[in-house]
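Shown below: upload_33.pdb, with PDB, C-alpha atoms.
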MODEL        1
ATOM      1  CA  MET A   1      67.907  72.583  97.679
ATOM      2  CA  SER A   2      69.983  69.414  97.553
ATOM      3  CA  GLY A   3      70.653  70.071  93.863
ATOM      4  CA  SER A   4      72.066  73.546  94.574
ATOM      5  CA  ASN A   5      74.183  72.195  97.444
ATOM      6  CA  GLU A   6      75.555  69.514  95.132
ATOM      7  CA  TRP A   7      76.375  72.153  92.507
ATOM      8  CA  ILE A   8      78.173  74.329  95.085
ATOM      9  CA  SER A   9      80.062  71.295  96.375
ATOM     10  CA  LYS A  10      81.246  70.456  92.852
ATOM     11  CA  ALA A  11      82.281  74.069  92.289
ATOM     12  CA  GLU A  12      84.266  74.019  95.546
ATOM     13  CA  ASP A  13      85.981  70.804  94.464
ATOM     14  CA  ILE A  14      86.985  72.466  91.196
ATOM     15  CA  ALA A  15      88.271  75.529  93.089
ATOM     16  CA  ASP A  16      90.312  73.310  95.424
ATOM     17  CA  LYS A  17      91.709  71.361  92.470
ATOM     18  CA  VAL A  18      92.725  74.569  90.685
ATOM     19  CA  THR A  19      94.347  75.859  93.877
ATOM     20  CA  ARG A  20      96.295  72.647  94.475
ATOM     21  CA  GLN A  21      97.532  72.393  90.888
ATOM     22  CA  SER A  22      98.636  76.034  90.798
ATOM     23  CA  LYS A  23     100.000  76.284  94.359
ATOM     24  CA  HIS A  24     103.575  76.881  93.145
ATOM     25  CA  VAL A  25     102.535  79.480  90.562
ATOM     26  CA  LEU A  26      99.638  81.231  92.302
ATOM     27  CA  PRO A  27     101.616  83.239  94.922
ATOM     28  CA  HIS A  28     103.979  84.565  92.233
ATOM     29  CA  LEU A  29     101.091  85.446  89.906
ATOM     30  CA  ALA A  30      99.246  87.122  92.790
ATOM     31  CA  ARG A  31     102.246  89.294  93.710
ATOM     32  CA  PHE A  32     102.908  90.149  90.052
ATOM     33  CA  CYS A  33      99.304  91.305  89.517
ATOM     34  CA  LEU A  34      99.239  93.081  92.850
ATOM     35  CA  VAL A  35     102.260  95.310  92.225
ATOM     36  CA  SER A  36     101.389  95.966  88.561
ATOM     37  CA  THR A  37      99.719  99.322  89.263
ATOM     38  CA  PHE A  38     102.795 100.556  91.145
ATOM     39  CA  PHE A  39     105.068  99.405  88.320
ATOM     40  CA  GLU A  40     102.908 101.105  85.675
ATOM     41  CA  ASP A  41     102.732 104.329  87.703
ATOM     42  CA  GLY A  42     106.485 104.303  88.321
ATOM     43  CA  ILE A  43     107.132 103.943  84.579
ATOM     44  CA  ARG A  44     104.625 106.736  83.907
ATOM     45  CA  MET A  45     106.524 109.013  86.298
ATOM     46  CA  TRP A  46     109.621 108.416  84.172
ATOM     47  CA  ALA A  47     107.888 108.741  80.787
ATOM     48  CA  GLN A  48     105.878 111.838  81.819
ATOM     49  CA  TRP A  49     108.491 113.391  84.085
ATOM     50  CA  THR A  50     107.955 116.983  82.891
ATOM     51  CA  GLU A  51     104.151 116.769  82.789
ATOM     52  CA  GLN A  52     103.937 115.283  86.302
ATOM     53  CA  ARG A  53     106.304 117.886  87.742
ATOM     54  CA  GLU A  54     104.426 120.765  86.100
ATOM     55  CA  TYR A  55     101.080 119.368  87.276
ATOM     56  CA  MET A  56     102.239 119.274  90.904
ATOM     57  CA  ASP A  57     103.767 122.753  90.666
ATOM     58  CA  ILE A  58     100.583 124.245  89.169
ATOM     59  CA  SER A  59      98.180 122.348  91.470
ATOM     60  CA  TRP A  60      99.978 123.065  94.737
ATOM     61  CA  GLY A  61     102.196 126.022  93.872
ATOM     62  CA  CYS A  62     105.025 124.182  95.624
ATOM     63  CA  GLY A  63     107.843 125.246  93.331
ATOM     64  CA  TRP A  64     110.191 123.359  91.023
ATOM     65  CA  PHE A  65     112.194 121.611  93.751
ATOM     66  CA  LEU A  66     109.276 120.074  95.713
ATOM     67  CA  ALA A  67     107.457 119.127  92.516
ATOM     68  CA  THR A  68     110.584 117.358  91.257
ATOM     69  CA  LEU A  69     111.057 115.673  94.644
ATOM     70  CA  PHE A  70     107.473 114.359  94.464
ATOM     71  CA  VAL A  71     108.132 112.744  91.070
ATOM     72  CA  VAL A  72     111.474 111.263  92.223
ATOM     73  CA  VAL A  73     109.951 109.799  95.411
ATOM     74  CA  ASN A  74     107.097 108.230  93.419
ATOM     75  CA  LEU A  75     109.451 106.879  90.762
ATOM     76  CA  VAL A  76     112.071 105.376  93.083
ATOM     77  CA  GLY A  77     109.611 104.337  95.815
ATOM     78  CA  GLN A  78     107.261 102.484  93.496
ATOM     79  CA  LEU A  79     109.811 100.729  91.281
ATOM     80  CA  GLY A  80     111.985  99.898  94.300
ATOM     81  CA  GLY A  81     109.008  98.587  96.278
ATOM     82  CA  VAL A  82     107.855  96.485  93.317
ATOM     83  CA  ALA A  83     111.295  94.910  92.924
ATOM     84  CA  MET A  84     111.501  94.108  96.664
ATOM     85  CA  VAL A  85     108.036  92.493  96.722
ATOM     86  CA  LEU A  86     108.703  90.378  93.629
ATOM     87  CA  LEU A  87     112.119  89.291  94.925
ATOM     88  CA  ARG A  88     110.786  88.873  98.506
ATOM     89  CA  LEU A  89     113.440  91.185  99.908
ATOM     90  CA  LYS A  90     112.416  92.970 103.124
ATOM     91  CA  VAL A  91     108.747  92.697 102.136
ATOM     92  CA  GLU A  92     107.590  94.541 105.280
ATOM     93  CA  ILE A  93     109.710  97.569 104.354
ATOM     94  CA  ALA A  94     108.581  97.374 100.718
ATOM     95  CA  CYS A  95     104.910  97.338 101.768
ATOM     96  CA  GLY A  96     105.548 100.270 104.090
ATOM     97  CA  VAL A  97     107.039 102.265 101.199
ATOM     98  CA  LEU A  98     104.117 101.399  98.911
ATOM     99  CA  PHE A  99     101.607 102.297 101.659
ATOM    100  CA  ALA A 100     103.352 105.675 101.968
ATOM    101  CA  ILE A 101     103.132 106.182  98.183
ATOM    102  CA  VAL A 102      99.372 105.451  98.228
ATOM    103  CA  PHE A 103      98.903 107.948 101.095
ATOM    104  CA  LEU A 104     101.069 110.577  99.368
ATOM    105  CA  GLN A 105      99.146 110.277  96.094
ATOM    106  CA  THR A 106      95.799 110.353  97.905
ATOM    107  CA  ILE A 107      96.722 113.770  99.299
ATOM    108  CA  ALA A 108      98.660 115.110  96.296
ATOM    109  CA  TYR A 109      95.983 114.265  93.719
ATOM    110  CA  SER A 110      93.092 115.232  96.042
ATOM    111  CA  ILE A 111      91.777 111.668  95.852
ATOM    112  CA  LEU A 112      90.446 112.053  99.396
ATOM    113  CA  TRP A 113      87.456 113.975  98.013
ATOM    114  CA  ASP A 114      86.735 111.590  95.129
ATOM    115  CA  MET A 115      84.948 108.582  96.616
ATOM    116  CA  GLN A 116      85.562 106.283  93.641
ATOM    117  CA  PHE A 117      89.325 106.852  93.621
ATOM    118  CA  LEU A 118      89.453 106.768  97.433
ATOM    119  CA  PHE A 119      87.666 103.410  97.561
ATOM    120  CA  ARG A 120      90.029 101.976  94.944
ATOM    121  CA  ASN A 121      93.028 103.155  96.947
ATOM    122  CA  LEU A 122      91.561 101.499 100.049
ATOM    123  CA  ALA A 123      91.187  98.270  98.051
ATOM    124  CA  LEU A 124      94.817  98.641  96.992
ATOM    125  CA  CYS A 125      95.813  98.949 100.666
ATOM    126  CA  GLY A 126      93.866  95.757 101.350
ATOM    127  CA  ALA A 127      95.830  93.945  98.664
ATOM    128  CA  LEU A 128      99.111  95.171 100.200
ATOM    129  CA  LEU A 129      98.007  93.911 103.623
ATOM    130  CA  LEU A 130      97.608  90.447 102.119
ATOM    131  CA  VAL A 131     101.191  90.589 100.795
ATOM    132  CA  LEU A 132     102.239  91.552 104.316
ATOM    133  CA  ALA A 133     100.266  88.610 105.697
ATOM    134  CA  GLU A 134     101.994  86.238 103.269
ATOM    135  CA  SER A 135     105.414  87.515 104.366
ATOM    136  CA  ARG A 136     104.480  86.906 108.011
ATOM    137  CA  VAL A 137     103.495  83.334 107.182
ATOM    138  CA  GLU A 138     106.897  82.786 105.641
ATOM    139  CA  GLY A 139     108.733  84.621 108.385
ATOM    140  CA  ARG A 140     107.157  82.590 111.194
ATOM    141  CA  SER A 141     107.753  79.174 109.596
ATOM    142  CA  LEU A 142     110.318  77.009 111.403
ATOM    143  CA  PHE A 143     111.352  75.200 108.223
ATOM    144  CA  PRO A 144     111.124  76.244 104.574
ATOM    145  CA  GLY A 145     107.833  75.147 103.041
ATOM    146  CA  VAL A 146     106.382  74.058 106.406
ATOM    147  CA  PRO A 147     103.557  76.169 107.919
ATOM    148  CA  SER A 148     104.197  77.648 111.333
ATOM    149  CA  LEU A 149     102.734  75.950 114.392
ATOM    150  CA  GLY A 150     100.090  77.536 116.560
ATOM    151  CA  GLU A 151      98.028  80.651 115.931
ATOM    152  CA  ASN A 152      99.449  83.773 114.361
ATOM    153  CA  LYS A 153      96.994  86.484 115.411
ATOM    154  CA  PRO A 154      98.645  89.435 113.622
ATOM    155  CA  LYS A 155      98.617  87.466 110.360
ATOM    156  CA  GLU A 156      94.965  86.502 110.825
ATOM    157  CA  TYR A 157      93.884  90.098 111.399
ATOM    158  CA  LEU A 158      95.952  91.279 108.432
ATOM    159  CA  GLN A 159      94.079  88.773 106.277
ATOM    160  CA  LEU A 160      90.714  89.887 107.686
ATOM    161  CA  THR A 161      91.445  93.597 107.167
ATOM    162  CA  GLY A 162      92.801  92.893 103.678
ATOM    163  CA  ARG A 163      89.631  91.014 102.717
ATOM    164  CA  ILE A 164      87.411  93.811 104.009
ATOM    165  CA  LEU A 165      89.340  96.531 102.164
ATOM    166  CA  LEU A 166      89.317  94.574  98.889
ATOM    167  CA  VAL A 167      85.531  94.906  98.910
ATOM    168  CA  PHE A 168      85.809  98.653  98.273
ATOM    169  CA  MET A 169      86.880  97.912  94.687
ATOM    170  CA  PHE A 170      83.558  96.205  94.008
ATOM    171  CA  VAL A 171      81.586  99.048  95.557
ATOM    172  CA  THR A 172      82.946 101.278  92.750
ATOM    173  CA  LEU A 173      81.639  98.797  90.164
ATOM    174  CA  LEU A 174      78.028  98.911  91.368
ATOM    175  CA  ARG A 175      75.722 100.788  88.989
ATOM    176  CA  PHE A 176      72.194 101.871  89.839
ATOM    177  CA  ASP A 177      70.522 100.870  86.612
ATOM    178  CA  THR A 178      67.132  99.216  86.076
ATOM    179  CA  SER A 179      68.299  96.887  83.298
ATOM    180  CA  PHE A 180      68.082  93.180  84.119
ATOM    181  CA  MET A 181      71.775  92.473  83.439
ATOM    182  CA  GLN A 182      72.922  95.360  85.638
ATOM    183  CA  ILE A 183      70.641  94.302  88.503
ATOM    184  CA  LEU A 184      71.897  90.712  88.160
ATOM    185  CA  GLN A 185      75.514  91.922  88.133
ATOM    186  CA  ASN A 186      74.920  94.046  91.253
ATOM    187  CA  VAL A 187      73.191  91.234  93.156
ATOM    188  CA  VAL A 188      75.743  88.526  92.267
ATOM    189  CA  GLY A 189      78.686  90.885  92.835
ATOM    190  CA  SER A 190      77.329  92.025  96.214
ATOM    191  CA  LEU A 191      76.738  88.427  97.332
ATOM    192  CA  LEU A 192      80.290  87.421  96.406
ATOM    193  CA  MET A 193      81.656  90.516  98.157
ATOM    194  CA  VAL A 194      79.882  89.546 101.362
ATOM    195  CA  LEU A 195      81.131  85.947 101.129
ATOM    196  CA  VAL A 196      84.761  87.063 100.690
ATOM    197  CA  THR A 197      84.452  89.581 103.532
ATOM    198  CA  ILE A 198      83.102  87.110 106.090
ATOM    199  CA  GLY A 199      85.340  84.321 104.781
ATOM    200  CA  TYR A 200      82.629  81.856 103.728
ATOM    201  CA  LYS A 201      83.311  79.562 100.741
ATOM    202  CA  THR A 202      86.259  81.915 100.420
ATOM    203  CA  LYS A 203      88.386  80.279  97.750
ATOM    204  CA  LEU A 204      85.421  79.635  95.461
ATOM    205  CA  SER A 205      84.013  83.165  95.955
ATOM    206  CA  ALA A 206      87.422  84.783  95.377
ATOM    207  CA  LEU A 207      88.057  82.748  92.207
ATOM    208  CA  VAL A 208      84.649  83.692  90.779
ATOM    209  CA  LEU A 209      85.367  87.348  91.573
ATOM    210  CA  VAL A 210      88.757  87.061  89.852
ATOM    211  CA  LEU A 211      87.043  85.809  86.684
ATOM    212  CA  TRP A 212      84.303  88.430  86.906
ATOM    213  CA  LEU A 213      86.722  91.305  87.509
ATOM    214  CA  ASN A 214      88.964  90.184  84.648
ATOM    215  CA  VAL A 215      86.048  90.215  82.214
ATOM    216  CA  LEU A 216      84.930  93.681  83.367
ATOM    217  CA  ASN A 217      88.489  95.007  83.376
ATOM    218  CA  PHE A 218      89.344  93.910  79.844
ATOM    219  CA  TYR A 219      85.946  95.073  78.556
ATOM    220  CA  PHE A 220      85.606  98.505  80.203
ATOM    221  CA  ASN A 221      89.281  99.488  80.625
ATOM    222  CA  ALA A 222      90.675  98.529  77.205
ATOM    223  CA  TRP A 223      93.155 101.434  77.157
ATOM    224  CA  TRP A 224      95.125  99.903  74.275
ATOM    225  CA  ASN A 225      92.221 100.737  71.935
ATOM    226  CA  ILE A 226      92.504 104.477  72.685
ATOM    227  CA  PRO A 227      94.971 106.624  70.671
ATOM    228  CA  ALA A 228      98.019 107.739  72.685
ATOM    229  CA  TYR A 229      97.200 111.459  72.334
ATOM    230  CA  LYS A 230      93.815 111.160  74.096
ATOM    231  CA  PRO A 231      93.742 111.769  77.900
ATOM    232  CA  MET A 232      91.176 108.977  78.282
ATOM    233  CA  ARG A 233      93.946 106.466  77.538
ATOM    234  CA  ASP A 234      95.762 107.363  80.778
ATOM    235  CA  PHE A 235      92.554 107.221  82.827
ATOM    236  CA  LEU A 236      91.649 103.783  81.474
ATOM    237  CA  LYS A 237      95.212 102.519  81.950
ATOM    238  CA  TYR A 238      95.146 103.727  85.570
ATOM    239  CA  ASP A 239      91.832 101.918  86.188
ATOM    240  CA  PHE A 240      93.051  98.780  84.390
ATOM    241  CA  PHE A 241      96.178  98.329  86.492
ATOM    242  CA  GLN A 242      94.471  99.264  89.767
ATOM    243  CA  THR A 243      91.840  96.605  89.075
ATOM    244  CA  LEU A 244      94.606  94.145  88.175
ATOM    245  CA  SER A 245      96.214  94.827  91.559
ATOM    246  CA  VAL A 246      92.965  94.029  93.357
ATOM    247  CA  ILE A 247      92.732  90.840  91.285
ATOM    248  CA  GLY A 248      96.195  90.059  92.645
ATOM    249  CA  GLY A 249      94.846  90.593  96.152
ATOM    250  CA  LEU A 250      92.013  88.139  95.492
ATOM    251  CA  LEU A 251      94.488  85.596  94.121
ATOM    252  CA  MET A 252      96.425  86.061  97.360
ATOM    253  CA  VAL A 253      93.213  85.261  99.274
ATOM    254  CA  VAL A 254      92.913  82.064  97.210
ATOM    255  CA  SER A 255      96.566  81.210  97.870
ATOM    256  CA  LEU A 256      96.612  81.993 101.608
ATOM    257  CA  GLY A 257      93.048  81.007 102.447
ATOM    258  CA  PRO A 258      90.704  83.164 104.535
ATOM    259  CA  GLY A 259      92.731  82.976 107.759
ATOM    260  CA  GLY A 260      91.613  82.225 111.304
ATOM    261  CA  VAL A 261      89.067  85.050 111.534
ATOM    262  CA  SER A 262      86.584  83.632 109.037
ATOM    263  CA  MET A 263      83.499  81.444 108.847
ATOM    264  CA  ASP A 264      85.408  78.787 106.902
ATOM    265  CA  GLU A 265      87.848  78.416 109.787
ATOM    266  CA  HIS A 266      85.120  78.411 112.431
ATOM    267  CA  LYS A 267      83.204  75.717 110.514
ATOM    268  CA  LYS A 268      86.119  73.364 111.115
ATOM    269  CA  LYS A 269      85.608  73.746 114.885
ATOM    270  CA  TRP A 270      81.877  73.059 114.801
TER     271      TRP A 270
ENDMDL
END
The structure given in the file should be rewritten as structure tokens.
Amino acid sequence: MSGSNEWISKAEDIADKVTRQSKHVLPHLARFCLVSTFFEDGIRMWAQWTEQREYMDISWGCGWFLATLFVVVNLVGQLGGVAMVLLRLKVEIACGVLFAIVFLQTIAYSILWDMQFLFRNLALCGALLLVLAESRVEGRSLFPGVPSLGENKPKEYLQLTGRILLVFMFVTLLRFDTSFMQILQNVVGSLLMVLVTIGYKTKLSALVLVLWLNVLNFYFNAWWNIPAYKPMRDFLKYDFFQTLSVIGGLLMVVSLGPGGVSMDEHKKKW
């Protein structure tokens, strides 16, 4: 027991060291990863303008004008929101626009009835909430680079809700298979999901999940290996960038910490 505790303690020390050494880079990397799916989808709206418009017209029978308006809103909303988040300009408004895009696509593409896509969109919302939480931290600081004094309840609950929603991404990765490796992957993944959700050993758990998700993402969603004419390429690209956005959310958890509503924070008061 003492050996495992010592191992966990060493792993936490490594996680803290990585966080400290990358503290100036980590928030930027987290935001870049987080908005990547919106950037990719915005570019796709431009590159596949005609196909997207025809799809909406055929699916909903809404006519040329509304179908075109849908593509324009997605194109401008996503690329504009991405630019605002990366440049830290009116981040609250940018997140609101991106939330609206997620909701619009959930309805337009009938994602509401596909549990896997719905769960991934919920995870994406969780990642956006963490960007919102980071902007509140900055907005409430009295001096640049100095954390705000006192408790910031809205920020804490944004972090909690963001952590909970991020878990939905991992639910879509669970596979009910009897092979040893799949069972091990499910057990370890589920344990890490629980730890991130309740905010226990948060930075270490989130970093391990970042590594795990990256391996799975580059292995299963290697869209660059699929010829451009095959529809599977677009599906894999969509999955790849959505997963990358959730990885960005986890990096934001590492950067911000678990927040006040977490076991890590309560341990400090014991």
- [ ] For range 26-29 of chain A, please output as number ranges by chain all residues within 12 Å (counting all atoms listed in the file; exclusion window: fewer than 2 positions along the same chain).
- [x] A: 18-24, 31-36, 85-88, 130-131, 134-135, 138, 207, 244-245, 247-257
I want to know what sits within 7 Å of Ser205 in chain A, based on all atoms listed in the file, with residues of the same chain fewer than 3 positions away left out; could you give that as a PDB file with C-alpha atoms, in the coordinates of the input?
ATOM      1  CA  LEU A 192      80.290  87.421  96.406  1.00  0.00           C
ATOM      2  CA  LEU A 195      81.131  85.947 101.129  1.00  0.00           C
ATOM      3  CA  VAL A 196      84.761  87.063 100.690  1.00  0.00           C
ATOM      4  CA  LYS A 201      83.311  79.562 100.741  1.00  0.00           C
ATOM      5  CA  THR A 202      86.259  81.915 100.420  1.00  0.00           C
ATOM      6  CA  VAL A 208      84.649  83.692  90.779  1.00  0.00           C
ATOM      7  CA  LEU A 209      85.367  87.348  91.573  1.00  0.00           C
TER       8      LEU A 209
END
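You can rank A:Leu213, A:Ile43, A:Val91, A:Leu166 by their closest distance to Phe119 in chain A using all atoms listed in the file, and at the top of that list sits A:Leu166.
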Task: Distance in Å - CA of Gly162 in chain A versus CA of Cys125 in chain A - done: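 That distance, rounded to one decimal, is 7.4 Å.
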Emit as AutoDock Vina command-line options the padded axis-aligned box for all listed atoms of range 26-39 of chain A, 5 Å per side, with centre and edge lengths in Å to one decimal.
--center_x 102.2 --center_y 90.9 --center_z 91.6 --size_x 15.8 --size_y 29.3 --size_z 16.6
TODO: Decode the PyMOL selection byres ((chain A and resi 65-68) around 9) for the given file into explicit residues and return them as a list of chain:residue names.
DONE: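 With the PyMOL selection byres ((chain A and resi 65-68) around 9) on this model, the match is A:Trp49, A:Thr50, A:Gln52, A:Arg53, A:Glu54, A:Tyr55, A:Met56, A:Asp57, A:Trp60, A:Gly61, A:Cys62, A:Gly63, A:Trp64, A:Leu69, A:Phe70, A:Val71, A:Val72, A:Val73.
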TODO: Go ahead and compute the interatomic distance for CA of Phe241 in chain A and CA of Leu124 in chain A, in Å to one decimal.
DONE: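 CA of Phe241 in chain A sits 10.6 Å away from CA of Leu124 in chain A.
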- [ ] Please indicate the distance in Å from CA of Tyr157 in chain A to CA of Pro258 in chain A, rounded to one decimal place.
- [x]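 Straight-line distance from CA of Tyr157 in chain A to CA of Pro258 in chain A works out to 10.3 Å.
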Task: For Cys95 in chain A: contacts at 10 Å, only C-alpha atoms, fewer than 6 positions along chain excluded, given as a list in words - done: Gly81, Val82, Met84, Val85, Ile101, Cys125, Leu128, Leu129, Val131 and Leu132 of chain A
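Those residues returned by the PyMOL selection byres ((chain A and resi 187) around 12) for this file are Phe170, Val171, Leu173, Leu174, Arg175, Phe176, Asp177, Phe180, Met181, Gln182, Ile183, Leu184, Gln185, Asn186, Val188, Gly189, Ser190, Leu191, Leu192, Met193 and Val194 of chain A.
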Task: Counting only C-alpha atoms, the residue of A:Leu216, A:Ile226, A:Val167, A:Met263 that sits nearest Tyr200 in chain A - done: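 Closest to Tyr200 in chain A, using only C-alpha atoms: A:Met263.
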Open item on the list: Taking only C-alpha atoms into account, name the residue in A:Gln116, A:Thr178, A:Asn214, A:Thr161 that is nearest to Val246 in chain A.
Closed with: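 Among the listed residues, A:Asn214 lies closest to Val246 in chain A.
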Do you know which residues are at most 10 Å from Met232 in chain A counting only C-alpha atoms, after dropping those on the same chain fewer than 5 positions away, and could you put them as a PDB file with C-alpha atoms, in the frame of the given file?
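For reference, part35.pdb as written:
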ATOM      1  CA  ASN A 221      89.281  99.488  80.625  1.00  0.00           C
ATOM      2  CA  TRP A 223      93.155 101.434  77.157  1.00  0.00           C
ATOM      3  CA  ILE A 226      92.504 104.477  72.685  1.00  0.00           C
ATOM      4  CA  PRO A 227      94.971 106.624  70.671  1.00  0.00           C
ATOM      5  CA  LYS A 237      95.212 102.519  81.950  1.00  0.00           C
ATOM      6  CA  TYR A 238      95.146 103.727  85.570  1.00  0.00           C
TER       7      TYR A 238
END
Open item on the list: Which residue is closest to Leu79 in chain A? Choose from A:Phe117, A:Tyr219, A:Trp212, A:Phe39 and count all atoms listed in the file.
Closed with: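 Once distances to Leu79 in chain A are computed over all atoms listed in the file, the minimum belongs to A:Phe39.
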- [ ] Could you check which of A:Gln159, A:Asn74, A:Thr106, A:Gln48 is closest to Gly199 in chain A, using all atoms listed in the file?
- [x]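 Of A:Gln159, A:Asn74, A:Thr106, A:Gln48, the one nearest Gly199 in chain A, counting all atoms listed in the file, is A:Gln159.
Comparing A:Leu204, A:Leu211, A:Leu158, A:Leu122 by their smallest distance to Lys10 in chain A, the closest is A:Leu204 (using only C-alpha atoms).
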Write range 34-52 of chain A as a PDB file, in the frame of the given file, completed to N, CA, C and O atoms.
ATOM      1  N   LEU A  34      99.455  92.123  91.778  1.00  0.00           N
ATOM      2  CA  LEU A  34      99.239  93.081  92.850  1.00  0.00           C
ATOM      3  C   LEU A  34     100.106  94.329  92.708  1.00  0.00           C
ATOM      4  O   LEU A  34      99.645  95.439  92.945  1.00  0.00           O
ATOM      5  N   VAL A  35     101.360  94.151  92.310  1.00  0.00           N
ATOM      6  CA  VAL A  35     102.260  95.310  92.225  1.00  0.00           C
ATOM      7  C   VAL A  35     102.224  95.971  90.849  1.00  0.00           C
ATOM      8  O   VAL A  35     102.934  96.957  90.619  1.00  0.00           O
ATOM      9  N   SER A  36     101.393  95.457  89.937  1.00  0.00           N
ATOM     10  CA  SER A  36     101.389  95.966  88.561  1.00  0.00           C
ATOM     11  C   SER A  36     101.045  97.447  88.493  1.00  0.00           C
ATOM     12  O   SER A  36     101.619  98.186  87.689  1.00  0.00           O
ATOM     13  N   THR A  37     100.110  97.907  89.322  1.00  0.00           N
ATOM     14  CA  THR A  37      99.719  99.322  89.263  1.00  0.00           C
ATOM     15  C   THR A  37     100.859 100.226  89.717  1.00  0.00           C
ATOM     16  O   THR A  37     101.043 101.331  89.196  1.00  0.00           O
ATOM     17  N   PHE A  38     101.649  99.766  90.699  1.00  0.00           N
ATOM     18  CA  PHE A  38     102.795 100.556  91.145  1.00  0.00           C
ATOM     19  C   PHE A  38     103.881 100.589  90.070  1.00  0.00           C
ATOM     20  O   PHE A  38     104.527 101.622  89.867  1.00  0.00           O
ATOM     21  N   PHE A  39     104.075  99.462  89.394  1.00  0.00           N
ATOM     22  CA  PHE A  39     105.068  99.405  88.320  1.00  0.00           C
ATOM     23  C   PHE A  39     104.663 100.344  87.180  1.00  0.00           C
ATOM     24  O   PHE A  39     105.481 101.135  86.687  1.00  0.00           O
ATOM     25  N   GLU A  40     103.391 100.263  86.771  1.00  0.00           N
ATOM     26  CA  GLU A  40     102.908 101.105  85.675  1.00  0.00           C
ATOM     27  C   GLU A  40     103.023 102.580  86.039  1.00  0.00           C
ATOM     28  O   GLU A  40     103.445 103.404  85.224  1.00  0.00           O
ATOM     29  N   ASP A  41     102.689 102.929  87.283  1.00  0.00           N
ATOM     30  CA  ASP A  41     102.732 104.329  87.703  1.00  0.00           C
ATOM     31  C   ASP A  41     104.177 104.816  87.811  1.00  0.00           C
ATOM     32  O   ASP A  41     104.471 105.970  87.487  1.00  0.00           O
ATOM     33  N   GLY A  42     105.072 103.937  88.252  1.00  0.00           N
ATOM     34  CA  GLY A  42     106.485 104.303  88.321  1.00  0.00           C
ATOM     35  C   GLY A  42     107.050 104.583  86.936  1.00  0.00           C
ATOM     36  O   GLY A  42     107.788 105.555  86.731  1.00  0.00           O
ATOM     37  N   ILE A  43     106.700 103.738  85.965  1.00  0.00           N
ATOM     38  CA  ILE A  43     107.132 103.943  84.579  1.00  0.00           C
ATOM     39  C   ILE A  43     106.537 105.232  84.016  1.00  0.00           C
ATOM     40  O   ILE A  43     107.200 105.986  83.285  1.00  0.00           O
ATOM     41  N   ARG A  44     105.282 105.503  84.387  1.00  0.00           N
ATOM     42  CA  ARG A  44     104.625 106.736  83.907  1.00  0.00           C
ATOM     43  C   ARG A  44     105.319 107.971  84.466  1.00  0.00           C
ATOM     44  O   ARG A  44     105.429 108.995  83.783  1.00  0.00           O
ATOM     45  N   MET A  45     105.786 107.891  85.716  1.00  0.00           N
ATOM     46  CA  MET A  45     106.524 109.013  86.298  1.00  0.00           C
ATOM     47  C   MET A  45     107.782 109.311  85.485  1.00  0.00           C
ATOM     48  O   MET A  45     108.174 110.470  85.315  1.00  0.00           O
ATOM     49  N   TRP A  46     108.423 108.247  84.989  1.00  0.00           N
ATOM     50  CA  TRP A  46     109.621 108.416  84.172  1.00  0.00           C
ATOM     51  C   TRP A  46     109.274 108.957  82.782  1.00  0.00           C
ATOM     52  O   TRP A  46     109.904 109.897  82.286  1.00  0.00           O
ATOM     53  N   ALA A  47     108.255 108.366  82.167  1.00  0.00           N
ATOM     54  CA  ALA A  47     107.888 108.741  80.787  1.00  0.00           C
ATOM     55  C   ALA A  47     107.266 110.135  80.724  1.00  0.00           C
ATOM     56  O   ALA A  47     107.416 110.845  79.724  1.00  0.00           O
ATOM     57  N   GLN A  48     106.548 110.537  81.803  1.00  0.00           N
ATOM     58  CA  GLN A  48     105.878 111.838  81.819  1.00  0.00           C
ATOM     59  C   GLN A  48     106.484 112.739  82.898  1.00  0.00           C
ATOM     60  O   GLN A  48     105.775 113.470  83.580  1.00  0.00           O
ATOM     61  N   TRP A  49     107.783 112.656  83.026  1.00  0.00           N
ATOM     62  CA  TRP A  49     108.491 113.391  84.085  1.00  0.00           C
ATOM     63  C   TRP A  49     108.107 114.875  84.105  1.00  0.00           C
ATOM     64  O   TRP A  49     107.697 115.417  85.132  1.00  0.00           O
ATOM     65  N   THR A  50     108.219 115.542  82.974  1.00  0.00           N
ATOM     66  CA  THR A  50     107.955 116.983  82.891  1.00  0.00           C
ATOM     67  C   THR A  50     106.500 117.294  83.185  1.00  0.00           C
ATOM     68  O   THR A  50     106.192 118.226  83.954  1.00  0.00           O
ATOM     69  N   GLU A  51     105.586 116.516  82.590  1.00  0.00           N
ATOM     70  CA  GLU A  51     104.151 116.769  82.789  1.00  0.00           C
ATOM     71  C   GLU A  51     103.755 116.595  84.250  1.00  0.00           C
ATOM     72  O   GLU A  51     102.992 117.408  84.793  1.00  0.00           O
ATOM     73  N   GLN A  52     104.265 115.533  84.906  1.00  0.00           N
ATOM     74  CA  GLN A  52     103.937 115.283  86.302  1.00  0.00           C
ATOM     75  C   GLN A  52     104.474 116.399  87.202  1.00  0.00           C
ATOM     76  O   GLN A  52     103.798 116.861  88.119  1.00  0.00           O
TER      77      GLN A  52
END
